[in-house]
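*Asks:* I'm passing along query.txt; it holds compact mmCIF, C-alpha atoms.
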```txt
# COMPACT_ATOMS: atom_id res chain seq x y z
CA MET A 1 30.85 14.50 -22.69
CA GLU A 2 32.25 15.04 -26.11
CA ARG A 3 33.35 11.44 -26.37
CA LYS A 4 29.95 10.20 -25.25
CA ARG A 5 28.18 12.31 -27.87
CA PHE A 6 30.59 11.15 -30.51
CA LEU A 7 30.10 7.50 -29.70
CA LYS A 8 26.34 7.94 -29.55
CA SER A 9 26.32 9.54 -32.97
CA LEU A 10 28.38 6.66 -34.33
CA SER A 11 25.98 4.07 -32.97
CA LEU A 12 22.97 5.90 -34.38
CA PHE A 13 24.57 5.95 -37.77
CA ALA A 14 25.41 2.27 -37.59
CA ALA A 15 21.89 1.34 -36.48
CA SER A 16 19.95 3.16 -39.20
CA PRO A 17 19.12 0.78 -42.06
CA LEU A 18 19.67 1.81 -45.66
CA LEU A 19 16.21 2.72 -46.89
CA LEU A 20 17.03 3.99 -50.37
CA THR A 21 16.39 0.69 -52.09
CA SER A 22 14.13 -1.85 -50.42
CA CYS A 23 14.55 -5.24 -51.99
CA SER A 24 11.09 -6.49 -51.12
CA LYS A 25 9.55 -9.04 -53.39
CA SER A 26 7.95 -7.29 -56.27
CA THR A 27 4.36 -7.98 -57.10
CA ASN A 28 5.08 -9.40 -60.50
CA GLY A 29 5.82 -12.81 -59.09
CA ILE A 30 9.14 -13.71 -60.71
CA GLU A 31 9.82 -17.39 -60.35
CA GLU A 32 12.74 -19.69 -60.93
CA ASP A 33 13.37 -20.84 -64.46
CA SER A 34 11.47 -24.03 -65.16
CA SER A 35 13.22 -26.61 -67.28
CA SER A 36 10.29 -27.67 -69.41
CA SER A 37 8.22 -25.06 -71.02
CA SER A 38 4.78 -25.70 -72.35
CA GLY A 39 4.47 -22.15 -73.57
CA GLY A 40 5.08 -21.98 -77.24
CA SER A 41 5.62 -18.35 -77.84
CA ALA A 42 7.90 -17.08 -75.10
CA ASP A 43 10.99 -18.13 -73.20
CA GLY A 44 10.79 -19.16 -69.58
CA THR A 45 10.94 -16.74 -66.72
CA THR A 46 13.99 -16.48 -64.50
CA ALA A 47 14.40 -15.26 -61.00
CA ASP A 48 14.74 -11.53 -60.55
CA THR A 49 18.06 -11.08 -58.81
CA SER A 50 18.21 -7.32 -59.29
CA CYS A 51 17.53 -5.09 -56.33
CA ALA A 52 15.23 -2.35 -57.43
CA ALA A 53 13.05 0.18 -55.74
CA THR A 54 9.49 -0.88 -55.15
CA PRO A 55 7.04 1.93 -55.66
CA VAL A 56 6.28 3.64 -52.38
CA GLU A 57 3.20 5.71 -52.95
CA THR A 58 -0.04 6.75 -51.46
CA GLU A 59 -2.22 3.69 -51.30
CA GLY A 60 -4.66 3.64 -54.19
CA PRO A 61 -8.10 2.10 -54.40
CA PHE A 62 -8.18 -1.68 -54.04
CA PRO A 63 -8.33 -3.57 -57.34
CA THR A 64 -11.91 -4.42 -58.21
CA LYS A 65 -13.25 -7.37 -60.09
CA THR A 66 -14.53 -6.31 -63.49
CA PRO A 67 -16.58 -8.29 -65.98
CA SER A 68 -14.99 -9.44 -69.20
CA SER A 69 -14.40 -6.54 -71.55
CA TYR A 70 -16.25 -8.50 -74.20
CA VAL A 71 -19.53 -8.27 -72.32
CA ARG A 72 -21.21 -5.43 -74.13
CA SER A 73 -24.04 -5.02 -76.55
CA ASP A 74 -22.65 -2.06 -78.51
CA ILE A 75 -19.59 -3.35 -80.33
CA ARG A 76 -19.09 -0.50 -82.76
CA LYS A 77 -15.62 0.74 -83.61
CA GLY A 78 -16.37 4.37 -82.88
CA ASP A 79 -15.08 5.77 -86.17
CA GLY A 80 -18.56 6.38 -87.55
CA LEU A 81 -18.00 4.13 -90.57
CA GLY A 82 -20.47 1.50 -91.66
CA ALA A 83 -24.25 1.38 -91.96
CA ALA A 84 -25.95 0.79 -88.62
CA MET A 85 -27.16 -2.74 -87.97
CA GLN A 86 -28.95 -4.32 -85.04
CA ILE A 87 -28.14 -8.00 -84.70
CA ALA A 88 -30.70 -10.24 -83.00
CA ILE A 89 -29.68 -13.85 -82.42
CA THR A 90 -31.91 -16.51 -80.91
CA ILE A 91 -30.35 -19.71 -79.60
CA ALA A 92 -32.55 -22.78 -79.86
CA ASN A 93 -31.80 -26.10 -78.21
CA LEU A 94 -32.06 -29.16 -80.46
CA ASN A 95 -32.11 -31.31 -77.34
CA ASN A 96 -35.22 -29.54 -76.09
CA SER A 97 -37.55 -29.45 -79.09
CA CYS A 98 -35.77 -26.34 -80.36
CA ASN A 99 -37.02 -24.30 -77.42
CA PRO A 100 -35.03 -21.19 -76.58
CA LEU A 101 -31.86 -21.84 -74.62
CA SER A 102 -31.45 -19.60 -71.60
CA GLY A 103 -28.05 -18.70 -70.16
CA ALA A 104 -26.14 -19.39 -73.38
CA ILE A 105 -23.05 -17.22 -73.86
CA VAL A 106 -22.90 -15.82 -77.38
CA ASP A 107 -19.69 -14.33 -78.78
CA ILE A 108 -19.78 -12.62 -82.15
CA TRP A 109 -17.06 -10.92 -84.13
CA HIS A 110 -16.72 -9.49 -87.63
CA CYS A 111 -14.58 -7.25 -89.77
CA ASP A 112 -14.87 -3.50 -90.32
CA VAL A 113 -15.91 -1.79 -93.58
CA ASN A 114 -12.46 -2.51 -95.04
CA GLY A 115 -12.44 -6.20 -94.18
CA ASP A 116 -10.07 -5.87 -91.20
CA TYR A 117 -10.45 -7.48 -87.77
CA SER A 118 -9.40 -5.95 -84.48
CA GLN A 119 -6.09 -7.51 -83.45
CA TYR A 120 -2.59 -6.51 -82.38
CA GLY A 121 -0.83 -4.58 -85.07
CA GLY A 122 -4.03 -3.22 -86.48
CA THR A 123 -4.70 0.45 -86.92
CA GLY A 124 -5.65 2.66 -84.03
CA MET A 125 -3.71 0.70 -81.44
CA GLN A 126 -2.12 3.61 -79.70
CA SER A 127 -5.15 4.72 -77.80
CA THR A 128 -5.27 4.42 -74.03
CA ASN A 129 -8.98 3.76 -74.31
CA TYR A 130 -8.39 0.07 -74.00
CA THR A 131 -11.88 -1.12 -74.71
CA SER A 132 -11.50 0.34 -78.19
CA LEU A 133 -9.05 -2.49 -78.91
CA ASN A 134 -11.97 -4.90 -79.16
CA TRP A 135 -13.97 -3.34 -81.91
CA PHE A 136 -16.59 -5.55 -83.49
CA ARG A 137 -16.18 -8.25 -80.84
CA GLY A 138 -18.81 -8.75 -78.18
CA ARG A 139 -20.45 -11.17 -75.79
CA GLN A 140 -23.98 -11.44 -74.47
CA THR A 141 -25.86 -14.05 -72.51
CA THR A 142 -29.31 -15.21 -73.54
CA GLY A 143 -32.32 -14.68 -71.32
CA SER A 144 -35.29 -16.98 -71.01
CA ASP A 145 -36.31 -16.02 -74.55
CA GLY A 146 -32.98 -17.36 -75.83
CA GLN A 147 -32.15 -13.99 -77.38
CA VAL A 148 -29.21 -11.62 -77.50
CA THR A 149 -28.85 -8.36 -79.36
CA PHE A 150 -25.86 -6.37 -80.53
CA THR A 151 -25.50 -2.89 -81.98
CA SER A 152 -23.00 -2.95 -84.80
CA ILE A 153 -22.65 -2.28 -88.52
CA PHE A 154 -23.17 -4.15 -91.75
CA PRO A 155 -19.76 -5.87 -92.09
CA GLY A 156 -17.34 -5.26 -94.92
CA TRP A 157 -15.74 -8.07 -96.89
CA TYR A 158 -12.28 -9.37 -97.67
CA GLN A 159 -10.63 -11.39 -100.39
CA GLY A 160 -11.76 -14.99 -100.60
CA ARG A 161 -14.79 -14.72 -98.32
CA ALA A 162 -18.40 -13.72 -98.62
CA THR A 163 -19.71 -11.27 -96.04
CA HIS A 164 -20.16 -13.07 -92.72
CA ILE A 165 -20.28 -12.75 -88.94
CA HIS A 166 -18.51 -15.27 -86.71
CA ALA A 167 -20.37 -16.70 -83.74
CA HIS A 168 -19.30 -18.96 -80.91
CA ILE A 169 -21.99 -20.26 -78.57
CA TYR A 170 -21.19 -21.69 -75.13
CA ASN A 171 -23.43 -23.04 -72.41
CA SER A 172 -23.65 -21.15 -69.14
CA ALA A 173 -20.63 -23.04 -67.77
CA GLY A 174 -18.45 -21.91 -70.67
CA LYS A 175 -18.50 -25.22 -72.52
CA SER A 176 -18.36 -24.72 -76.26
CA LEU A 177 -21.57 -25.74 -78.04
CA LEU A 178 -21.02 -24.42 -81.54
CA VAL A 179 -18.60 -22.36 -83.61
CA THR A 180 -20.37 -21.07 -86.67
CA GLN A 181 -20.73 -18.20 -89.12
CA ILE A 182 -23.73 -16.15 -90.18
CA ALA A 183 -24.22 -15.75 -93.91
CA PHE A 184 -25.64 -12.77 -95.78
CA ASP A 185 -27.76 -12.58 -98.90
CA ASP A 186 -25.47 -12.07 -101.92
CA ALA A 187 -27.65 -9.48 -103.65
CA LEU A 188 -27.85 -7.35 -100.52
CA CYS A 189 -24.09 -7.44 -100.03
CA LEU A 190 -23.47 -6.39 -103.59
CA SER A 191 -25.93 -3.54 -103.23
CA VAL A 192 -24.36 -2.27 -99.99
CA ASN A 193 -20.85 -2.37 -101.41
CA LYS A 194 -21.81 -0.79 -104.74
CA THR A 195 -23.94 2.03 -103.37
CA GLY A 196 -22.66 2.50 -99.82
CA SER A 197 -19.48 4.52 -100.34
CA LYS A 198 -21.00 7.35 -98.31
CA TYR A 199 -21.12 4.92 -95.37
CA GLY A 200 -17.52 3.84 -95.80
CA TYR A 201 -17.97 0.88 -98.17
CA THR A 202 -15.40 2.00 -100.70
CA LYS A 203 -14.01 -1.36 -101.76
CA GLY A 204 -16.65 -1.98 -104.41
CA THR A 205 -17.42 -5.54 -105.46
CA ASN A 206 -14.54 -6.42 -107.76
CA GLY A 207 -13.33 -9.83 -106.63
CA TYR A 208 -16.22 -10.38 -104.20
CA THR A 209 -16.82 -14.03 -103.29
CA TYR A 210 -20.42 -15.25 -103.54
CA ASN A 211 -21.81 -17.64 -100.95
CA LYS A 212 -21.80 -20.56 -103.37
CA ASN A 213 -18.08 -20.11 -103.92
CA ASP A 214 -17.21 -19.38 -100.31
CA ASN A 215 -15.10 -22.10 -98.64
CA VAL A 216 -17.32 -22.07 -95.55
CA PHE A 217 -20.75 -21.68 -97.16
CA SER A 218 -20.30 -23.49 -100.46
CA ASP A 219 -21.54 -26.80 -99.04
CA GLY A 220 -24.84 -25.24 -98.11
CA TYR A 221 -25.72 -22.26 -95.98
CA ALA A 222 -29.50 -22.33 -95.61
CA ARG A 223 -29.30 -22.76 -91.85
CA GLU A 224 -26.66 -20.04 -91.53
CA LEU A 225 -28.43 -17.50 -93.72
CA SER A 226 -29.61 -14.44 -91.85
CA SER A 227 -32.77 -12.47 -92.47
CA ILE A 228 -32.11 -8.76 -92.95
CA THR A 229 -34.52 -5.85 -93.25
CA GLY A 230 -33.87 -2.12 -93.59
CA SER A 231 -31.59 -0.04 -95.75
CA LEU A 232 -28.33 1.91 -95.75
CA SER A 233 -30.07 5.10 -94.78
CA GLU A 234 -32.45 3.67 -92.17
CA GLY A 235 -30.08 1.09 -90.82
CA PHE A 236 -30.42 -2.69 -90.97
CA LYS A 237 -31.88 -5.30 -88.68
CA LEU A 238 -30.45 -8.80 -88.86
CA SER A 239 -32.12 -11.75 -87.22
CA ILE A 240 -31.24 -15.42 -87.10
CA THR A 241 -31.93 -18.49 -85.01
CA ILE A 242 -28.92 -20.66 -84.31
CA HIS A 243 -29.53 -24.26 -83.27
CA VAL A 244 -27.24 -25.93 -80.76
CA SER A 245 -27.23 -29.20 -78.86
CA ALA A 246 -27.05 -28.27 -75.20
CA MET B 247 20.13 13.22 -76.46
CA ARG B 248 17.98 10.26 -77.43
CA GLN B 249 14.31 9.55 -77.48
CA ILE B 250 13.52 6.13 -76.04
CA ARG B 251 10.60 3.85 -75.35
CA ILE B 252 10.60 1.58 -72.33
CA ARG B 253 9.00 -1.84 -72.31
CA TYR B 254 8.08 -3.54 -69.04
CA ARG B 255 7.06 -7.18 -69.17
CA LYS B 256 4.91 -7.69 -66.10
CA ILE B 257 4.78 -11.41 -65.51
CA MET B 258 2.01 -12.89 -63.41
CA ASN B 259 1.96 -16.47 -62.20
CA SER B 260 1.00 -18.55 -59.19
CA ASP B 261 3.55 -16.71 -57.05
CA SER B 262 1.94 -13.33 -57.68
CA GLU B 263 0.55 -12.03 -54.43
CA GLY B 264 -1.11 -8.77 -55.44
CA GLY B 265 -4.88 -8.50 -55.65
CA TRP B 266 -4.79 -6.99 -59.11
CA GLU B 267 -2.50 -9.71 -60.41
CA LYS B 268 -4.71 -12.44 -58.97
CA LEU B 269 -7.77 -10.97 -60.67
CA VAL B 270 -5.99 -10.75 -64.01
CA ARG B 271 -4.76 -14.34 -63.69
CA GLY B 272 -8.10 -15.71 -62.62
CA ASP B 273 -10.12 -13.95 -65.28
CA SER B 274 -7.63 -14.61 -68.07
CA PHE B 275 -7.56 -18.30 -67.15
CA ALA B 276 -11.36 -18.47 -67.35
CA GLU B 277 -11.28 -16.75 -70.72
CA LEU B 278 -8.53 -19.00 -72.02
CA LYS B 279 -10.55 -22.09 -71.12
CA MET B 280 -13.44 -20.74 -73.16
CA GLN B 281 -11.58 -19.52 -76.23
CA PHE B 282 -9.17 -22.47 -76.25
CA GLN B 283 -12.06 -24.64 -77.41
CA ARG B 284 -12.38 -22.84 -80.71
CA PHE B 285 -8.89 -23.93 -81.74
CA ASN B 286 -9.17 -27.36 -80.13
CA PRO B 287 -12.48 -28.76 -81.44
CA GLU B 288 -11.58 -32.39 -80.75
CA GLY B 289 -10.40 -31.65 -77.24
CA ARG B 290 -7.07 -33.24 -77.93
CA TYR B 291 -4.82 -30.63 -76.34
CA PHE B 292 -4.63 -29.13 -72.87
CA THR B 293 -1.56 -26.91 -72.86
CA PHE B 294 -1.13 -23.68 -74.79
CA GLY B 295 2.22 -24.82 -76.11
CA ALA B 296 0.88 -28.08 -77.47
CA LEU B 297 -2.10 -26.32 -79.03
CA LEU B 298 0.14 -23.78 -80.75
CA GLY B 299 2.24 -26.57 -82.16
CA ALA B 300 -0.81 -28.26 -83.63
CA ASN B 301 -2.73 -25.15 -84.67
CA PRO B 302 -0.74 -21.98 -85.36
CA GLU B 303 -3.99 -20.00 -85.49
CA ALA B 304 -4.06 -20.35 -81.73
CA GLU B 305 -1.50 -17.53 -81.72
CA GLN B 306 -4.56 -15.29 -81.71
CA LEU B 307 -5.22 -16.34 -78.13
CA HIS B 308 -2.74 -13.77 -76.80
CA PHE B 309 -4.97 -11.04 -78.18
CA LEU B 310 -8.30 -12.79 -77.63
CA VAL B 311 -7.64 -13.59 -73.98
CA GLY B 312 -6.05 -10.21 -73.33
CA GLY B 313 -9.11 -8.60 -74.80
CA SER B 314 -11.15 -9.97 -71.94
CA VAL B 315 -9.12 -8.35 -69.16
CA LEU B 316 -8.87 -4.82 -70.50
CA GLY B 317 -10.98 -3.58 -67.62
CA TYR B 318 -8.04 -4.14 -65.28
CA LEU B 319 -5.86 -1.88 -67.38
CA GLU B 320 -8.31 0.94 -66.77
CA GLN B 321 -7.59 0.58 -63.06
CA LEU B 322 -3.94 1.53 -63.65
CA ARG B 323 -5.07 5.00 -64.67
CA GLY B 324 -2.61 5.23 -67.48
CA MET B 325 0.55 4.60 -65.42
CA ILE B 326 2.92 1.67 -65.92
CA PRO B 327 2.84 -0.28 -62.63
CA ASP B 328 5.76 -1.48 -60.47
CA VAL B 329 8.56 0.39 -62.23
CA ALA B 330 9.59 3.20 -59.96
CA ASP B 331 12.11 5.99 -60.19
CA ASN B 332 14.81 6.25 -57.56
CA LEU B 333 12.41 8.14 -55.29
CA GLY B 334 9.89 5.31 -55.38
CA HIS B 335 7.39 6.99 -57.71
CA ARG B 336 5.88 5.42 -60.78
CA PHE B 337 6.44 7.92 -63.55
CA MET B 338 5.98 6.21 -66.91
CA ARG B 339 2.74 6.46 -68.83
CA ILE B 340 1.25 3.62 -70.83
CA ALA B 341 1.26 4.23 -74.57
CA ASP B 342 0.44 0.67 -75.55
CA CYS B 343 -0.14 -2.65 -73.88
CA ARG B 344 -0.04 -6.23 -75.17
CA PHE B 345 -1.16 -9.30 -73.32
CA GLU B 346 0.91 -12.46 -73.52
CA ILE B 347 0.17 -16.05 -72.52
CA ILE B 348 3.49 -17.52 -71.44
CA ARG B 349 2.30 -20.97 -70.46
CA SER B 350 -0.91 -22.58 -69.33
CA ASP B 351 -2.52 -25.95 -68.87
CA ILE B 352 -6.27 -25.42 -68.98
CA ARG B 353 -6.74 -28.16 -66.41
CA ASP B 354 -4.74 -26.39 -63.72
CA ILE B 355 -4.66 -22.70 -62.94
CA ALA B 356 -1.42 -23.15 -61.01
CA THR B 357 0.34 -23.48 -64.36
CA HIS B 358 -1.19 -20.29 -65.76
CA GLU B 359 1.52 -17.71 -66.42
CA VAL B 360 0.77 -14.55 -68.35
CA ALA B 361 2.22 -11.12 -68.87
CA PHE B 362 1.19 -7.61 -69.72
CA ASN B 363 3.78 -5.92 -71.90
CA PHE B 364 3.61 -2.21 -71.19
CA TYR B 365 5.15 0.28 -73.60
CA SER B 366 5.86 3.78 -72.35
CA THR B 367 5.20 7.09 -74.03
CA PRO B 368 8.43 8.52 -75.46
CA LEU B 369 11.02 9.69 -72.95
CA LEU B 370 14.13 11.75 -73.48
CA TRP B 371 17.27 10.06 -72.24
CA HIS B 372 19.78 12.66 -71.17
CA GLY B 373 22.49 10.55 -69.65
CA THR B 374 23.41 7.94 -67.09
CA ALA B 375 24.57 8.40 -63.50
CA GLY B 376 26.00 5.15 -62.15
CA SER B 377 23.30 2.59 -62.78
CA LEU B 378 20.56 5.17 -63.19
CA LEU B 379 19.17 6.51 -66.45
CA ILE B 380 18.32 10.20 -66.35
CA VAL B 381 15.19 10.87 -68.42
CA SER B 382 12.55 13.53 -68.88
CA ASP B 383 8.99 13.35 -70.15
CA PRO B 384 8.42 15.46 -73.27
CA ARG B 385 4.67 15.39 -72.76
CA THR B 386 5.02 17.89 -69.94
CA ASP B 387 5.48 20.81 -72.32
CA ASP B 388 5.83 21.83 -75.96
CA ASN B 389 9.24 22.05 -77.62
CA HIS B 390 10.54 20.02 -74.76
CA ASP B 391 13.74 19.00 -76.46
CA GLN B 392 14.58 22.63 -77.27
CA GLN B 393 14.83 23.53 -73.61
CA ASP B 394 18.11 23.75 -71.75
CA ALA B 395 16.72 22.76 -68.34
CA PHE B 396 14.51 19.74 -67.62
CA ASP B 397 12.54 18.12 -64.82
CA THR B 398 14.03 14.66 -64.76
CA TYR B 399 13.51 11.20 -63.36
CA SER B 400 16.29 8.78 -62.42
CA PHE B 401 15.60 5.08 -62.64
CA GLU B 402 17.30 1.75 -62.96
CA LEU B 403 16.73 -0.79 -65.74
CA ARG B 404 15.71 -3.69 -63.54
CA ARG B 405 14.99 -7.14 -64.88
CA HIS B 406 12.03 -7.26 -67.31
CA VAL B 407 12.43 -3.54 -68.02
CA SER B 408 14.17 -2.59 -71.23
CA ILE B 409 14.71 0.18 -73.74
CA ASP B 410 12.98 -1.25 -76.78
CA LYS B 411 13.03 1.74 -79.11
CA LEU B 412 15.62 4.44 -79.52
CA ARG B 413 16.00 7.46 -81.77
CA GLU B 414 18.98 9.82 -81.88
CA LEU B 415 17.93 13.45 -81.80
CA ARG B 416 19.80 16.25 -83.59
```
Can you present the structure in this file as structure tokens?

*Replies:*
Amino acid sequence: MERKRFLKSLSLFAASPLLLTSCSKSTNGIEEDSSSSSGGSADGTTADTSCAATPVETEGPFPTKTPSSYVRSDIRKGDGLGAAMQIAITIANLNNSCNPLSGAIVDIWHCDVNGDYSQYGGTGMQSTNYTSLNWFRGRQTTGSDGQVTFTSIFPGWYQGRATHIHAHIYNSAGKSLLVTQIAFDDALCLSVNKTGSKYGYTKGTNGYTYNKNDNVFSDGYARELSSITGSLSEGFKLSITIHVSA
Amino acid sequence: MRQIRIRYRKIMNSDSEGGWEKLVRGDSFAELKMQFQRFNPEGRYFTFGALLGANPEAEQLHFLVGGSVLGYLEQLRGMIPDVADNLGHRFMRIADCRFEIIRSDIRDIATHEVAFNFYSTPLLWHGTAGSLLIVSDPRTDDNHDQQDAFDTYSFELRRHVSIDKLRELR
């Protein structure tokens, strides 16, 4: 009896698999090193030959498809700096008698009151509120009236450039139609930067580049010039029609 | 005792089987195809590497494309994925995250390889047992490093996981 129990215990021990480290394929999809790399910024990947524990946890919710983080109308930074500005852009189709273009994807981006753009290495990058990484960048799609609106601020300025907003317009399939910039009236920009320190415009105007000297606008900017109403205290409203060939 | 930061480079390519990874790849590929055009106005280039060689400003695409898929980071609920302690639990919190395009040909999603680089909140590294680092999380209480007893995690530095910052204490 003793011998039988002893042998049985031996066989049980031999049969039980080691469960401490399961070497199942991890979900990060490591692949063999490829000899030619078309990636310019990083070395190739190599096969993961280590044997490491895969997380074994209570199943979480299934991953859900989310829209692009750029798709939002309010693109403000959240630090309260900058005079409020509503931006209204109309996209007109040159190939259709300048009628409004529906379904156009409109990306805009601009700098903060100090002339900085959101990017890696910028300030405020340690937050776990990830959508805050994209300040002053946004995307909207035009309706049948060809219009999109954004809630933002009057941009700041930086050395060598007049105040401007970048815009990239795509058709509904994502094909690029136009990369352009929206220009601002010089006198208004000077006024905002001279009198707007309460709103965060503390740079002043020393060294400011006027539109006629700006390397993007100096060859003419009539079609890129926005129309702006309002004031620092009431907030501004910018409107512009951008013409594309769709 | 040392304070360390862990970096995990989570690579996603055509072999990635997880649902989350597939969504990140698919959406980032769509975004790359859109934003690529801004740096490639004549349509001359099709691969990220070739574009970077011709137009160094295309370096921005890591950030610009990553900026489109931030919604998927929210679904991680602040925890670095995949990297488990020896008990099988994820235990590291995300302090920062940077998206990386490793390679891509905008004509073929099969070539699209990207990564999220996750950076942990600071951990205290107490010692090493075999191949396992013994660490504790100072965010669990104040004056953590003044204690003489700690709740610890044991984990292995697997491939693509690295200590990328270190500070000697005391």

*Asks:* Tell me which protein, DNA and RNA residues are within 6 Å of region 130-144 of chain A, counting all atoms listed in the file, leaving out same-chain ones fewer than 2 positions away, and put them as JSON, numbers by chain.

*Replies:* {"A": [70, 71, 72, 75, 76, 77, 102, 103, 104, 105, 106, 107, 108, 109, 110, 118, 128, 146, 147, 148]}

*Asks:* Give me, as a tab-separated table, the closest atom pair and its distance (Å, one decimal) for every residue of chain B within a cut-off of 7 Å of chain A, counting only C-alpha atoms, rows sorted by chain and rising number.

*Replies:*
```
residue	atom	partner	partner_atom	distance
B:Lys256	CA	A:Asn28	CA	5.9
B:Ile257	CA	A:Asn28	CA	5.4
B:Met258	CA	A:Asn28	CA	5.5
B:Asn259	CA	A:Gly29	CA	6.2
B:Asp261	CA	A:Gly29	CA	5.0
B:Ser262	CA	A:Gly29	CA	4.2
B:Glu263	CA	A:Thr27	CA	6.2
B:Gly264	CA	A:Thr27	CA	5.8
B:Gly265	CA	A:Pro63	CA	6.3
B:Trp266	CA	A:Pro63	CA	5.2
B:Leu269	CA	A:Lys65	CA	6.6
B:Met280	CA	A:Gly174	CA	5.7
B:Gln283	CA	A:Ser176	CA	6.4
B:Arg284	CA	A:Val179	CA	6.9
B:Thr293	CA	A:Ser38	CA	6.5
B:Phe294	CA	A:Gly39	CA	5.9
B:Gly295	CA	A:Gly40	CA	4.2
B:Ala296	CA	A:Ser38	CA	6.9
B:Leu298	CA	A:Gly40	CA	6.3
B:Phe309	CA	A:Gln119	CA	6.4
B:Gly313	CA	A:Asn134	CA	6.4
B:Ser314	CA	A:Ser69	CA	4.7
B:Val315	CA	A:Ser68	CA	6.0
B:Leu316	CA	A:Ser69	CA	5.9
B:Gly317	CA	A:Ser69	CA	6.0
B:Asp328	CA	A:Pro55	CA	6.0
B:Val329	CA	A:Pro55	CA	6.9
B:Ala330	CA	A:Pro55	CA	5.2
B:Asn332	CA	A:Ala53	CA	6.6
B:Gly334	CA	A:Pro55	CA	4.4
B:His335	CA	A:Pro55	CA	5.5
B:Arg336	CA	A:Pro55	CA	6.3
B:Ala341	CA	A:Gln126	CA	6.2
B:Asp342	CA	A:Gln126	CA	5.7
B:Ile348	CA	A:Gly39	CA	5.2
B:Arg349	CA	A:Gly39	CA	4.0
B:Ser350	CA	A:Gly39	CA	6.9
B:Arg404	CA	A:Ser50	CA	6.1
B:Arg405	CA	A:Asp48	CA	6.2
```

*Asks:* Enter the distance from CA of Asp351 (chain B) to CA of Tyr291 (chain B), in Å, rounded to one decimal.

*Replies:*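 Pair CA of Asp351 (chain B) / CA of Tyr291 (chain B) returns 9.1 Å.
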
*Asks:* So how many Å separate CA of Ser233 (chain A) and CA of Ala167 (chain A), to one decimal?

*Replies:* 26.3 Å

*Asks:* Using all atoms listed in the file, give me every residue within 6 Å of (-10.1, -16.2, -73.7) in file coordinates, as a ChimeraX atom specification.

*Replies:* /B:277-278,280-281,310-311

*Asks:* So how far away is CA of Trp157 (chain A) from CA of Gly80 (chain A), in Å?

*Replies:* 17.4 Å

*Asks:* Determine the nearest neighbour of Gln392 (chain B) from the options B:Ile380, B:Arg253, B:Met338, B:Leu370, counting all atoms listed in the file.

*Replies:*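 Nearest candidate to Gln392 (chain B) out of B:Ile380, B:Arg253, B:Met338, B:Leu370: B:Leu370.
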
*Asks:* Show me, as a PyMOL selection string, the residues that have an atom within 7 Å of Ser382 (chain B) when counting all atoms listed in the file, minus same-chain residues fewer than 5 positions from it.

*Replies:* chain B and resi 369-371+396-399

*Asks:* Write out as a ChimeraX atom specification each polymer residue whose atoms come within 7 Å of Cys343 (chain B), counting all atoms listed in the file; drop sequence neighbours fewer than 3 positions from it.

*Replies:* /B:362-365

*Asks:* With a distance cut-off of 12 Å and all atoms listed in the file, select the neighbouring residues of region 197-211 of chain A, excluding the residue or stretch itself and same-chain residues fewer than 5 positions from it, and output the selection as a compact mmCIF listing (two decimals) with C-alpha atoms, keeping the file's coordinate frame.

*Replies:*
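Once everything was written out, this is selection.txt:
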```txt
# COMPACT_ATOMS: atom_id res chain seq x y z
CA ASP A 79 -15.08 5.77 -86.17
CA GLY A 80 -18.56 6.38 -87.55
CA LEU A 81 -18.00 4.13 -90.57
CA GLY A 82 -20.47 1.50 -91.66
CA ALA A 83 -24.25 1.38 -91.96
CA ALA A 84 -25.95 0.79 -88.62
CA ASP A 112 -14.87 -3.50 -90.32
CA VAL A 113 -15.91 -1.79 -93.58
CA ASN A 114 -12.46 -2.51 -95.04
CA GLY A 115 -12.44 -6.20 -94.18
CA ILE A 153 -22.65 -2.28 -88.52
CA PHE A 154 -23.17 -4.15 -91.75
CA PRO A 155 -19.76 -5.87 -92.09
CA GLY A 156 -17.34 -5.26 -94.92
CA TRP A 157 -15.74 -8.07 -96.89
CA TYR A 158 -12.28 -9.37 -97.67
CA GLN A 159 -10.63 -11.39 -100.39
CA GLY A 160 -11.76 -14.99 -100.60
CA ARG A 161 -14.79 -14.72 -98.32
CA ALA A 162 -18.40 -13.72 -98.62
CA THR A 163 -19.71 -11.27 -96.04
CA HIS A 164 -20.16 -13.07 -92.72
CA GLN A 181 -20.73 -18.20 -89.12
CA ILE A 182 -23.73 -16.15 -90.18
CA ALA A 183 -24.22 -15.75 -93.91
CA PHE A 184 -25.64 -12.77 -95.78
CA ASP A 185 -27.76 -12.58 -98.90
CA ASP A 186 -25.47 -12.07 -101.92
CA ALA A 187 -27.65 -9.48 -103.65
CA LEU A 188 -27.85 -7.35 -100.52
CA CYS A 189 -24.09 -7.44 -100.03
CA LEU A 190 -23.47 -6.39 -103.59
CA SER A 191 -25.93 -3.54 -103.23
CA VAL A 192 -24.36 -2.27 -99.99
CA VAL A 216 -17.32 -22.07 -95.55
CA PHE A 217 -20.75 -21.68 -97.16
CA SER A 218 -20.30 -23.49 -100.46
CA ASP A 219 -21.54 -26.80 -99.04
CA GLY A 220 -24.84 -25.24 -98.11
CA TYR A 221 -25.72 -22.26 -95.98
CA ALA A 222 -29.50 -22.33 -95.61
CA GLU A 224 -26.66 -20.04 -91.53
CA LEU A 225 -28.43 -17.50 -93.72
CA SER A 231 -31.59 -0.04 -95.75
CA LEU A 232 -28.33 1.91 -95.75
CA SER A 233 -30.07 5.10 -94.78
CA GLU A 234 -32.45 3.67 -92.17
CA GLY A 235 -30.08 1.09 -90.82
```

*Asks:* Return as lines of an AutoDock Vina configuration file the box centre and box size in Å, one decimal, for an axis-aligned box around all listed atoms of region 286-305 of chain B padded by 8 Å per side.

*Replies:*
```
center_x = -5.1
center_y = -25.4
center_z = -79.2
size_x = 30.7
size_y = 31.7
size_z = 28.6
```
